[in-house]
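In what follows, a structure is listed as structure tokens, so that the remarks can point back to it.
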Amino acid sequence: MAGFVELKNVEKLYQMGEVTIKAAAGINFEIEKGEFAVVVGPSGAGKTTVLNILGGMDTATSGEVLVDGENIAALSQRELTRYRREDIGFVFQFYNLVPNLTALENVELALQICKNHLDASQVMWEVGLGERMGNFPAQLSGGEQQRVSIARALAKNPKLLLCDEPTGALDYQTGKAILKLLQDTCHSRGMTVIVITHNTAIMPMADRIIEIKNGRVERMRVNENPVPVETIEW
Amino acid sequence: MTKGQRQDFFREIKKSLSRYLSILFIVLLGVAFFVGLRSSEPAMKSTSDTYLDQQNFMHIRVLGTLGLTEGDRVAIENVRGVREAEGIYQIDVLTMAGGHEQVMNVFSVPEDIGQLYIVEGRLPLKEKECILDDAFASSNGFEIGDEITIYSGTEEETSNVFANDTFRIVGLAKNPYYLTFERGSASVGNGSQAGFMAILKAEFLQDYYTQIYVTVDGAKEMNCYDQEYLDLIDRMKESISAIADKQCEIRYDEVVGQAERRIEEAEAQLADGADELKAAWQQLEEGEKTLAEQEAEWKKADEEWAANNALVEEGKIALEAGRAELADGEDAYEEARIKVVAFETVLQGAQDAYDRESELYVALVTHMQMEKVKNRAELEAWLKEHEIIPPETTAPEPETDPVETLPEEPETDPEETLPVEPETDPVETLPVEPETDPVETLPVEPETDPVETLPEEPEEWELPEETFQEEEVWEAPELFASRPSGRVFLAAFTPFRGMMPGNLALMRSMGLFPPAQKALASGTANRLLLAEEETPASTEDWRQRLTDLVQELSDLLKDEDVQNDLTLEDVYAALDRGEDAMLERFSSYLAQQKALLDYYIQEVGAGRAQLNAARAQIREGKLALAEKEAELTLAQVQLAAGRTQLDAGRLQLDEAQKEAAKGRKDLEAAQKEFDEKNADALAEIEKARREIKKVENPEWYVLGRDTIQTYVEFGQDAESIAALAQVFPALFFLVAALVSLTGMTRMVEEQRILIGTMKALGYGKFSIMAKYLLYAFSASLIGGIFGALLGGKVFPWVIITAYKIMYMNLMGMVVHYVPGHALLAVGLAVGCTTFATFFACWRELMAMPASLMRPPAPKQGKRVFLENIGFIWRHLNFNQKSTVRNLLRYKKRIFMTVFGIGGCMSLMLVGFGIRDSLTQIVDNQYATVWTYQAYLDIDKRSLPDEREALTTFLDAEKDVTGYLWALGQSYDFETGGTPINADLIVIGDPENAEPFMSLHDRISKEHFALSEEGVIITQKLATLLDVKAGDTIYLKESEAKKHALKVTAVAEHYLFHYVYMTPGLYRETFGKDPVYNRMYLNYTKEGVEREQDLSRELLRFEAASSVQLTSGMSRTIRSMLRSLDLVVIVLIVSAGLLAYVVLYNLNSINIAERRRELATLKVLGFYDGEVAMYVYRENVILTFLGTAAGIFLGIWLHQYLIRTVEIDSMFFGRSIYPMSYVYASVLTILFALIVNASMFSQLKKIDMVESLKSVE
């Protein structure tokens, strides 16, 4: 059985003047549905490229990117937008909440454009912000904001939840809590979650670990026994 | 500034070039707009001034009510300060062009002052050449080389005005007098000039100038719109006016004197005419008299002729009778002649017989002598033989010649003695002179009685006594015994001799002949008697007898017996005897015969003589008859000639009579005509006399350029641009300042960390600030300088070029930089931006470096007030809610956007509004206030009958629905302050004024009625005098005489000032009846269609001096207002630029500020359109808000502007038409849409990766 998400020989070339930079030099990996996958690697290894390509924010120069059997590498810009709004939930490092909207409204903002979405307030409750739905992002802490961000991504009921350094701007505890939320979501909803991080410490909690270095997948392994977040220390 | 700072500064500019440029350009735009608009007015004015100076256009023109003379011109030229003065002939005439009659302003080619601007060709150099209005030529299809014919528009003959009436076009020109297509009004034709035409001075026959153009020393160097110039011209106008009175007096005397002389001449001419006519009558009468005399004479001559004719007839009869008598006489003569001839034949016979006998006798004698000799010889011989010889005795007379002894002269030829020459035709011998042409000899004068001339008794006709004596020859003793009786008869006829010579002769001959006949008859009888009695039957007998005798004798002699018996002597003797006896017998017979013959001859001679006499008489008679006949013929010829002459005379006489009759008729006609013309002429003279009396002391009008419509209009247009320049650049400045303020504020905010770092590094406040100040300063300075340079040239160029569309005759362009404006604009722009930057920096620099080092606290989301109104909030969908919140989050942006869009909207609204306001002047003035369709200026001096002629015509004209008499007179009105000039209008019939004008309140439309209590004044006048209904104003009749008038109402009015009153109030105020000098007219729809014709007809009336058509005036003003479209366009374009700059800037900032947010939205899967709408929704709302705000701002600005630019003589409309709001809004929204559309690409370009970046 092919993976739910499958990258085949994905290459990404950036033309910087006369120099061609290979951000991705033939990346191959696959992720099963419902897996909590972590993509790790040092800065400049090609994580963000993978994220961008997976998130439909960028296209691969060559290779195939199959998401639920659909090759998104061959999609047009408009199809990519559709892909983003229907199939992808995105969690940003800096939350990227619209400051002028309340927490709930930020979730609703995403739902505006999504067909098969969940109830916003319920998701808010689920992420533990049932009480603070009417607050503006500025009135929320970083963790809370990230929860709103996750709620916004989850509420779309996406096929794939992409998280870009979700804990990067958070303190240790909050980061743990967020990771827990993601892991719980993954497990309870069967949601495929891909977390992109440079923090190798969180690898044990993942179902699948993909290590990227110099534009290639250095190592990919399936963690047969993922541990709960609580047990992880870094 | 350190090196690092400098580098940082330049890198900053490079990095944020778009911001730098946006500041630069908004400043450039603001400065360009300011400088350009401010420079436009001076540029327009100097363009106009330069063009006029270049054409040496007059500074002052002088017009005289009676024209101006060369003397006036010289007098003006001699006024101190006058550079030059040139006299111009000018007259409005008509021409057919483009298929209809048009008014042509014809003037003499200005030689020096106000030269024409030649577009093509050349000036006329000789007669029959002209230079034509370029615009007129192109609109009516005239070209150089074509001919144009003009004709007088008045009763005056064209030939009395111009030497020629057809001109060849040699050039096309523009006249600096007319800057636009408008050519001014005319007193002929349809009342408005269609074009001008310049011809040589010599073409004008008038002896006075229409106007004198004057140039003033030093005026050319000034700008003719400047106060300095106006002051100079005012001074000069006064100087020229100072000599006016004297010159006018001269002119008056000249004109009146001339007219009087002309009248005298006319009267003299008239008198001459009358005299001539009288002379003609006299001549005619004389002629008729002569004719009558001639007629009488002719009749007399005719009668005389008839008498003569009768005489001739009588003479003819007498002649006929004479001729008959002559014929008788001739017959008788012929008879006699035949007898004479017969007698002569007999005589001839007798003569012949006698001759033969005498011959015979001679022969016999000879023979006998020979016989005798022979016998003697024989005898002797015989005797000898017989010796009986006889002695020598011989025969007795052998020597005697018997012939000589013949008693008769046989040689006498009886023929010769015959007087009758039967061969001679008596007729031929008639003494008629055939060579003399009787006609030629006809007496010339028919009056002379031909009869009188007839008996010019010719001497030869006198029968002389001698001829009668001659007759005596004929008088044979017995034979003419009866003659005396003939003489008596002749004598009895003598008295008639003269008259009837022919007759007389005839008579005579008749009287003469009978005796001849008798004589002849008796002669014959005698002769016959004689022959029977005594003479042998014939000579033969005689000869026979003689022969017998000789024979006997011979025989006897031969008988010898006898011989013997006889002696010789015996024998001889016997012989002699026998011979002698025989001879004797013979001789006696011969003698007898001879005697008889002589008798006969005598008889014949007598008869012949008689015959001759008779013939002579006949001839004479014939001659006389011929003469008489000739005379008669002559007389007849003369008579015939006389008749012919008489007939000719008759014919001539008839002709003459006819002619005389015709002459009389002609003369009568002439008399009638003269009488008629005389009456006319007298009337004319009377009229002329009255005209002379009407001639008022002439007046001079000394006018400056400010009386030339287009000159003034152009100045006004320039000032309206200046008025725009007062307000609008400020708006742009404000926008520029705001834009640069936001830009700089943002820049400073963006760089707060840098500022904090710098501060932490120990740089001083101003050192740090310098970067930003310099940034703003350099951007605004460069923008400002370029703006000033560009705007100062481009805007005036655009505006003047645009105005030239209307001022098509304006040539050249003069655009000067106005340093003051440029400095001011650049200074302001640089100051504003730098100051704004300073403020932005100051705020940041005041903060502590630590706080600056931290990223700015993200702007808090806030509940908006609307959320508290749950009722509304709940009804908004998510997008609307988010939009509302977004909007309210950036208040500065809202303000800026609303201000920008509102500015745009208000500018356009003002643009349309100005046009509306001015259009309302026309629309309201001519549609709701002045509802008449035309008005007539009535000659104040026109006489009642002339006015009556006009009203009669108007009453009869079915297309004219009504007319209203009025008096219009200009007065100063005051309430204590500056007097205001207004027209006092006295409405002849206030009750029925309604169809002609409506006096009502502007707002409530309440209608006011004129009353005796007071006057109704127009609203602008009320504003200027600061009065309202119930107040009192003062009419200034003269400095000393003022009349208080109560204002009963203030009426809606737009053009000029009027004070309406009733005739009653006028009488009360002025103490006299109003003399109406104008007339308002209304006509039907059909009348409107043919109003041009109608006005032409009206102008033919003496009383009507000019016609103003409402349609024409409103058209003129409308076309004038069309220039305002340009203002509208200028405003729309500036508004568009403003909107674009502001919105683009704000949108750019908006997008830049929300880049991350928008990138997130994209990552979330928003389509580009959805992302754009997320932004645009706000913009749309802001646009609508701005538009709404713009309406209020626009209304306020419009009101402000209208009041600012409104001139004293007008009341501009205060409202803006609804359509203008629509136009302005639609255009504003359109501009906003364009800006937003242009932002779409920017939105699209936002990279999603941005969302992954950390907040700076």
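To be explicit about the labels: the chains of the structure tokens are called A, B, and onward in the order shown, and within each one the residues are counted from 1, while ligands get numbers from 1 in the order they are shown.
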
Contacts of region 34-47 of chain A at 8 Å (only C-alpha atoms; same-chain gap of 5+ positions) as a PDB file with N, CA and C atoms, in the first residue's frame:
ATOM      1  N   ALA A  23      17.643  23.133  -3.506  1.00  0.00           N
ATOM      2  CA  ALA A  23      17.072  23.114  -2.161  1.00  0.00           C
ATOM      3  C   ALA A  23      16.619  21.691  -1.821  1.00  0.00           C
ATOM      4  N   ALA A  24      16.156  21.046  -2.843  1.00  0.00           N
ATOM      5  CA  ALA A  24      15.767  19.641  -2.641  1.00  0.00           C
ATOM      6  C   ALA A  24      16.395  18.853  -3.773  1.00  0.00           C
ATOM      7  N   GLN A 183      -0.514  15.847  19.001  1.00  0.00           N
ATOM      8  CA  GLN A 183      -0.442  14.388  19.074  1.00  0.00           C
ATOM      9  C   GLN A 183      -1.812  13.785  19.386  1.00  0.00           C
ATOM     10  N   CYS A 186      -4.013  13.969  16.507  1.00  0.00           N
ATOM     11  CA  CYS A 186      -3.629  12.959  15.535  1.00  0.00           C
ATOM     12  C   CYS A 186      -4.228  11.606  15.911  1.00  0.00           C
ATOM     13  N   HIS A 187      -4.031  11.316  17.110  1.00  0.00           N
ATOM     14  CA  HIS A 187      -4.481  10.006  17.537  1.00  0.00           C
ATOM     15  C   HIS A 187      -5.965   9.927  17.650  1.00  0.00           C
ATOM     16  N   GLY A 190      -7.374  10.632  14.041  1.00  0.00           N
ATOM     17  CA  GLY A 190      -6.766   9.882  12.929  1.00  0.00           C
ATOM     18  C   GLY A 190      -6.225  10.804  11.879  1.00  0.00           C
ATOM     19  N   MET A 191      -5.924  11.996  12.307  1.00  0.00           N
ATOM     20  CA  MET A 191      -5.432  13.041  11.411  1.00  0.00           C
ATOM     21  C   MET A 191      -3.956  12.819  11.110  1.00  0.00           C
ATOM     22  N   THR A 192      -3.612  12.986   9.850  1.00  0.00           N
ATOM     23  CA  THR A 192      -2.205  12.897   9.489  1.00  0.00           C
ATOM     24  C   THR A 192      -1.564  14.249   9.820  1.00  0.00           C
ATOM     25  N   VAL A 193      -0.562  14.196  10.680  1.00  0.00           N
ATOM     26  CA  VAL A 193       0.064  15.443  11.097  1.00  0.00           C
ATOM     27  C   VAL A 193       1.543  15.400  10.732  1.00  0.00           C
ATOM     28  N   ILE A 194       1.979  16.442  10.096  1.00  0.00           N
ATOM     29  CA  ILE A 194       3.406  16.526   9.781  1.00  0.00           C
ATOM     30  C   ILE A 194       3.953  17.764  10.495  1.00  0.00           C
ATOM     31  N   VAL A 195       4.896  17.521  11.339  1.00  0.00           N
ATOM     32  CA  VAL A 195       5.511  18.619  12.065  1.00  0.00           C
ATOM     33  C   VAL A 195       6.923  18.819  11.530  1.00  0.00           C
ATOM     34  N   ILE A 196       7.192  20.022  11.186  1.00  0.00           N
ATOM     35  CA  ILE A 196       8.535  20.330  10.684  1.00  0.00           C
ATOM     36  C   ILE A 196       9.262  21.116  11.754  1.00  0.00           C
ATOM     37  N   THR A 197      10.400  20.573  12.133  1.00  0.00           N
ATOM     38  CA  THR A 197      11.109  21.205  13.241  1.00  0.00           C
ATOM     39  C   THR A 197      12.606  20.942  13.160  1.00  0.00           C
ATOM     40  N   HIS A 198      13.350  21.795  13.815  1.00  0.00           N
ATOM     41  CA  HIS A 198      14.766  21.516  13.910  1.00  0.00           C
ATOM     42  C   HIS A 198      15.058  20.855  15.261  1.00  0.00           C
ATOM     43  N   ASN A 199      13.980  20.748  16.083  1.00  0.00           N
ATOM     44  CA  ASN A 199      14.126  20.192  17.434  1.00  0.00           C
ATOM     45  C   ASN A 199      14.060  18.663  17.387  1.00  0.00           C
ATOM     46  N   THR A 200      15.230  18.034  17.420  1.00  0.00           N
ATOM     47  CA  THR A 200      15.281  16.573  17.330  1.00  0.00           C
ATOM     48  C   THR A 200      14.731  15.900  18.573  1.00  0.00           C
ATOM     49  N   MET A 203      11.504  13.916  18.450  1.00  0.00           N
ATOM     50  CA  MET A 203      11.413  12.768  17.549  1.00  0.00           C
ATOM     51  C   MET A 203      10.755  11.554  18.207  1.00  0.00           C
ATOM     52  N   ALA A 206       7.001  10.882  17.727  1.00  0.00           N
ATOM     53  CA  ALA A 206       6.439  10.749  16.376  1.00  0.00           C
ATOM     54  C   ALA A 206       6.274   9.294  15.954  1.00  0.00           C
ATOM     55  N   ASP A 207       5.315   9.087  15.044  1.00  0.00           N
ATOM     56  CA  ASP A 207       5.132   7.751  14.499  1.00  0.00           C
ATOM     57  C   ASP A 207       6.175   7.484  13.435  1.00  0.00           C
ATOM     58  N   ARG A 208       6.545   8.553  12.783  1.00  0.00           N
ATOM     59  CA  ARG A 208       7.520   8.424  11.695  1.00  0.00           C
ATOM     60  C   ARG A 208       8.446   9.629  11.732  1.00  0.00           C
ATOM     61  N   ILE A 209       9.711   9.302  11.603  1.00  0.00           N
ATOM     62  CA  ILE A 209      10.699  10.356  11.685  1.00  0.00           C
ATOM     63  C   ILE A 209      11.445  10.430  10.351  1.00  0.00           C
ATOM     64  N   ILE A 210      11.446  11.637   9.791  1.00  0.00           N
ATOM     65  CA  ILE A 210      12.142  11.814   8.521  1.00  0.00           C
ATOM     66  C   ILE A 210      13.236  12.848   8.751  1.00  0.00           C
ATOM     67  N   GLU A 211      14.474  12.403   8.555  1.00  0.00           N
ATOM     68  CA  GLU A 211      15.596  13.307   8.776  1.00  0.00           C
ATOM     69  C   GLU A 211      16.119  13.798   7.427  1.00  0.00           C
ATOM     70  N   ILE A 212      16.215  15.055   7.337  1.00  0.00           N
ATOM     71  CA  ILE A 212      16.640  15.643   6.046  1.00  0.00           C
ATOM     72  C   ILE A 212      17.947  16.383   6.243  1.00  0.00           C
ATOM     73  N   LYS A 213      18.810  16.175   5.259  1.00  0.00           N
ATOM     74  CA  LYS A 213      20.104  16.844   5.314  1.00  0.00           C
ATOM     75  C   LYS A 213      20.554  17.124   3.885  1.00  0.00           C
ATOM     76  N   ASN A 214      20.962  18.323   3.621  1.00  0.00           N
ATOM     77  CA  ASN A 214      21.465  18.683   2.295  1.00  0.00           C
ATOM     78  C   ASN A 214      20.517  18.320   1.157  1.00  0.00           C
ATOM     79  N   GLY A 215      19.266  18.579   1.433  1.00  0.00           N
ATOM     80  CA  GLY A 215      18.293  18.395   0.352  1.00  0.00           C
ATOM     81  C   GLY A 215      17.928  16.951   0.086  1.00  0.00           C
ATOM     82  N   ARG A 216      18.314  16.073   0.965  1.00  0.00           N
ATOM     83  CA  ARG A 216      17.939  14.682   0.780  1.00  0.00           C
ATOM     84  C   ARG A 216      17.418  14.110   2.090  1.00  0.00           C
TER      85      ARG A 216
END

Counting only C-alpha atoms, which residues of chain A sit at most 9 Å from some atom of chain B, and what is each one's closest atom pair with its distance in Å to one decimal, listed by chain and rising residue number, as a Markdown table?
| residue | atom | partner | partner_atom | distance |
| --- | --- | --- | --- | --- |
| A:Asn52 | CA | B:Val1249 | CA | 7.9 |
| A:Gly55 | CA | B:Val1163 | CA | 8.0 |
| A:Gly56 | CA | B:Val1163 | CA | 8.2 |
| A:Met57 | CA | B:Met1248 | CA | 6.4 |
| A:Asp58 | CA | B:Met1248 | CA | 8.7 |
| A:Arg78 | CA | B:Tyr1167 | CA | 7.3 |
| A:Leu80 | CA | B:Gly1165 | CA | 8.3 |
| A:Thr81 | CA | B:Gly1165 | CA | 5.0 |
| A:Arg82 | CA | B:Gly1165 | CA | 6.3 |
| A:Tyr83 | CA | B:Gly1165 | CA | 7.4 |
| A:Arg84 | CA | B:Gly1165 | CA | 4.7 |
| A:Arg85 | CA | B:Gly1165 | CA | 3.9 |
| A:Glu86 | CA | B:Gly1165 | CA | 7.7 |
| A:Ile88 | CA | B:Leu1164 | CA | 8.1 |
| A:Gly89 | CA | B:Leu1164 | CA | 7.5 |
| A:Phe90 | CA | B:Leu1164 | CA | 7.1 |
| A:Phe92 | CA | B:Leu1252 | CA | 6.5 |
| A:Gln93 | CA | B:Leu1252 | CA | 6.9 |
| A:Phe94 | CA | B:Ser1254 | CA | 6.4 |
| A:Asn96 | CA | B:Thr1160 | CA | 6.4 |
| A:Leu97 | CA | B:Glu1157 | CA | 7.6 |
| A:Val98 | CA | B:Glu1157 | CA | 6.2 |
| A:Pro99 | CA | B:Gly861 | CA | 5.4 |
| A:Asn100 | CA | B:Gly861 | CA | 4.2 |
| A:Leu101 | CA | B:Gly861 | CA | 6.4 |
| A:Thr102 | CA | B:Gly861 | CA | 7.5 |
| A:Glu105 | CA | B:Phe878 | CA | 7.7 |
| A:Glu108 | CA | B:Phe878 | CA | 7.8 |
| A:Leu109 | CA | B:Phe878 | CA | 7.7 |
| A:Ala110 | CA | B:Leu1164 | CA | 6.4 |
| A:Gln112 | CA | B:Phe878 | CA | 8.0 |
| A:Ile113 | CA | B:Phe1166 | CA | 7.0 |
| A:Cys114 | CA | B:Gly1165 | CA | 8.7 |
| A:Asn135 | CA | B:Gly861 | CA | 8.7 |
| A:Phe136 | CA | B:Gly861 | CA | 5.5 |
| A:Pro137 | CA | B:Gly861 | CA | 7.2 |
| A:Ala138 | CA | B:Gln860 | CA | 5.4 |
| A:Gln139 | CA | B:Gln860 | CA | 7.8 |
| A:Ala153 | CA | B:Leu1164 | CA | 8.3 |
| A:Asp164 | CA | B:Leu1252 | CA | 7.9 |

Preceding selection exported with C-alpha atoms as a compact mmCIF listing (two decimals), in the first residue's frame:
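File out-v4.txt, as written:
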# COMPACT_ATOMS: atom_id res chain seq x y z
CA ASN A 52 6.32 24.58 1.06
CA GLY A 55 1.68 22.83 1.72
CA GLY A 56 1.02 23.78 -1.85
CA MET A 57 2.82 27.04 -1.34
CA ASP A 58 5.51 26.12 -3.80
CA ARG A 78 -5.58 27.61 -8.70
CA LEU A 80 -3.05 24.39 -5.43
CA THR A 81 -5.15 27.06 -3.74
CA ARG A 82 -8.06 24.64 -3.71
CA TYR A 83 -5.73 22.02 -2.30
CA ARG A 84 -4.66 24.42 0.42
CA ARG A 85 -8.14 25.36 1.42
CA GLU A 86 -9.62 21.86 1.28
CA ILE A 88 -4.32 21.27 4.22
CA GLY A 89 -4.35 22.68 7.69
CA PHE A 90 -1.41 24.92 8.39
CA PHE A 92 2.54 28.63 11.68
CA GLN A 93 5.49 29.20 13.86
CA PHE A 94 4.23 32.75 14.59
CA ASN A 96 -0.28 34.25 11.95
CA LEU A 97 -3.60 35.13 13.48
CA VAL A 98 -5.45 38.11 12.08
CA PRO A 99 -5.04 40.55 14.93
CA ASN A 100 -8.23 42.33 14.16
CA LEU A 101 -10.34 39.22 14.62
CA THR A 102 -11.25 37.43 17.80
CA GLU A 105 -13.38 34.75 14.24
CA GLU A 108 -14.21 31.23 11.25
CA LEU A 109 -12.03 33.11 8.79
CA ALA A 110 -10.65 29.81 7.61
CA GLN A 112 -15.44 30.87 5.39
CA ILE A 113 -13.78 29.27 2.46
CA CYS A 114 -14.00 25.64 3.44
CA ASN A 135 -10.65 37.36 22.81
CA PHE A 136 -8.46 39.11 20.32
CA PRO A 137 -5.12 37.53 19.58
CA ALA A 138 -3.39 40.37 21.34
CA GLN A 139 -5.27 39.40 24.45
CA ALA A 153 -6.30 24.48 10.94
CA ASP A 164 5.92 24.70 10.82

Could you pull the residues within 7 Å of region 767-775 of chain B, counting only C-alpha atoms, minus those fewer than 5 positions along the same chain, as a count of residues only? 7

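Take the candidates A:Glu233, A:Glu6, A:Glu30, A:Glu18 and check each one against Asn71 (chain A) using only C-alpha atoms; the shortest distance goes to A:Glu6.
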
Residues near Tyr333 (chain B), anyone? I mean within 8 Å using only C-alpha atoms, not counting same-chain ones fewer than 2 positions away, as a PyMOL selection string. chain B and resi 329-331+335-337+513+611+614-615

Next, dump the selected residues to file, keeping only C-alpha atoms, as a CSV table (one decimal), in the first residue's frame.
chain,number,residue,atom,x,y,z
B,329,GLY,CA,-59.8,125.7,-137.6
B,330,GLU,CA,-57.2,123.1,-138.5
B,331,ASP,CA,-59.8,121.1,-140.3
B,335,GLU,CA,-59.7,121.9,-146.3
B,336,ALA,CA,-58.5,125.2,-147.6
B,337,ARG,CA,-55.1,124.0,-148.0
B,513,PHE,CA,-60.6,131.6,-143.0
B,611,LEU,CA,-53.4,130.1,-146.1
B,614,ALA,CA,-54.2,131.1,-141.4
B,615,ARG,CA,-51.5,128.7,-140.8

Contacts of Ala155 (chain A) within 8 Å, only C-alpha atoms, excl. fewer than 6 positions in-chain, as an NGL selection string: :A and (107 or 110-111 or 117-120 or 123)

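By only C-alpha atoms, and with residues fewer than 3 positions from region 143-160 of chain B along its chain excluded, the set lying at most 7 Å from it is B:Val93, B:Leu94, B:Thr95, B:Ala137, B:Ala163, B:Asn164, B:Asp165, B:Thr166, B:Phe167, B:Arg168, B:Ile169, B:Val170, B:Gly171, B:Val188, B:Gly189, B:Leu205.
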
Print the selection's residues with C-alpha atoms to a file, as a compact mmCIF listing (two decimals), in the first residue's frame.
# COMPACT_ATOMS: atom_id res chain seq x y z
CA VAL B 93 -23.51 95.09 -44.37
CA LEU B 94 -25.07 91.92 -45.61
CA THR B 95 -23.78 89.19 -47.80
CA ALA B 137 -14.14 81.88 -44.80
CA ALA B 163 -17.19 102.43 -54.36
CA ASN B 164 -17.55 98.75 -55.19
CA ASP B 165 -19.68 95.98 -53.92
CA THR B 166 -17.85 92.92 -55.12
CA PHE B 167 -14.44 92.07 -53.85
CA ARG B 168 -11.87 89.47 -54.65
CA ILE B 169 -10.50 87.73 -51.62
CA VAL B 170 -6.74 88.14 -51.54
CA GLY B 171 -6.11 87.04 -48.02
CA VAL B 188 -28.64 95.07 -39.67
CA GLY B 189 -29.71 91.68 -40.84
CA LEU B 205 -17.54 106.86 -49.65

Hey, can you check how far CA of Ile1017 (chain B) sits from CA of Gly1112 (chain B)?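 Taking CA of Ile1017 (chain B) and CA of Gly1112 (chain B), their separation equals 25.4 Å.
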
Expected answer as an MDAnalysis selection string: alpha helix (DSSP H) residues in chain A: chainID A and resid 47:54 77:87 103:111 120:126 142:155 172:189

If you count only C-alpha atoms, which residues fall within 10 Å of Val830 (chain B), apart from same-chain ones fewer than 6 positions away, as number ranges by chain? B: 27, 31, 737, 776-785, 824, 836

Those selected residues, please, written with C-alpha atoms and delivered as a PDB file, in the first residue's frame.
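Produced file part11.pdb, reproduced below:
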ATOM      1  CA  VAL B  27       5.249  66.660  -4.107  1.00  0.00           C
ATOM      2  CA  VAL B  31       3.904  71.784  -6.755  1.00  0.00           C
ATOM      3  CA  ALA B 737       1.677  66.673   2.989  1.00  0.00           C
ATOM      4  CA  ALA B 776      11.910  63.657   3.068  1.00  0.00           C
ATOM      5  CA  PHE B 777      13.683  66.890   2.255  1.00  0.00           C
ATOM      6  CA  SER B 778      15.528  65.570  -0.761  1.00  0.00           C
ATOM      7  CA  ALA B 779      12.466  63.783  -2.085  1.00  0.00           C
ATOM      8  CA  SER B 780      10.271  66.809  -1.715  1.00  0.00           C
ATOM      9  CA  LEU B 781      12.891  69.228  -2.976  1.00  0.00           C
ATOM     10  CA  ILE B 782      13.620  67.257  -6.106  1.00  0.00           C
ATOM     11  CA  GLY B 783       9.909  66.684  -6.628  1.00  0.00           C
ATOM     12  CA  GLY B 784       9.217  70.317  -5.924  1.00  0.00           C
ATOM     13  CA  ILE B 785      11.818  71.640  -8.330  1.00  0.00           C
ATOM     14  CA  LEU B 824       6.464  79.456  -2.507  1.00  0.00           C
ATOM     15  CA  ALA B 836       5.736  65.930   8.955  1.00  0.00           C
TER      16      ALA B 836
END

Residues of region 4-107 of chain A in strand (DSSP E or B) according to DSSP, as a short mmCIF file (atom, residue, chain, number, x, y, z; two decimals) with C-alpha atoms, in the first residue's frame?
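Once everything was written out, this is out_21.cif:
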data_model
loop_
_atom_site.label_atom_id
_atom_site.label_comp_id
_atom_site.auth_asym_id
_atom_site.auth_seq_id
_atom_site.Cartn_x
_atom_site.Cartn_y
_atom_site.Cartn_z
CA VAL A 5 1.61 11.14 1.52
CA GLU A 6 4.34 10.20 -0.83
CA LEU A 7 7.25 12.22 -2.19
CA LYS A 8 9.11 10.73 -5.08
CA ASN A 9 12.38 12.18 -6.22
CA VAL A 10 11.28 15.66 -5.46
CA GLU A 11 13.78 18.23 -6.60
CA LYS A 12 13.63 21.93 -6.11
CA LEU A 13 16.02 24.23 -7.87
CA TYR A 14 16.38 27.93 -7.19
CA GLN A 15 18.06 30.01 -9.81
CA MET A 16 20.00 32.69 -8.02
CA VAL A 19 24.18 29.86 -9.50
CA THR A 20 21.65 27.10 -9.25
CA ILE A 21 20.86 26.08 -5.71
CA LYS A 22 19.39 22.71 -5.11
CA ALA A 23 17.07 23.11 -2.16
CA ALA A 24 15.77 19.64 -2.64
CA ALA A 25 17.88 17.12 -4.43
CA GLY A 26 15.62 14.15 -4.84
CA ILE A 27 13.60 13.70 -1.71
CA ASN A 28 11.75 10.45 -1.25
CA PHE A 29 9.55 9.55 1.63
CA GLU A 30 6.09 8.40 2.41
CA ILE A 31 3.76 8.85 5.32
CA PHE A 36 2.23 11.76 13.36
CA ALA A 37 5.29 12.49 11.27
CA VAL A 38 8.19 14.69 12.17
CA VAL A 39 10.48 16.14 9.58
CA VAL A 40 13.76 17.15 11.17
CA SER A 62 10.64 17.71 -10.64
CA GLY A 63 9.36 14.58 -8.99
CA GLU A 64 5.96 13.59 -7.67
CA VAL A 65 4.16 14.66 -4.57
CA LEU A 66 1.21 12.42 -3.90
CA VAL A 67 -1.27 13.40 -1.27
CA GLU A 70 -3.27 13.21 -5.91
CA ASN A 71 -0.07 14.45 -7.45
CA ILE A 88 -4.32 21.27 4.22
CA GLY A 89 -4.35 22.68 7.69
CA PHE A 90 -1.41 24.92 8.39
CA VAL A 91 0.02 25.77 11.76
#
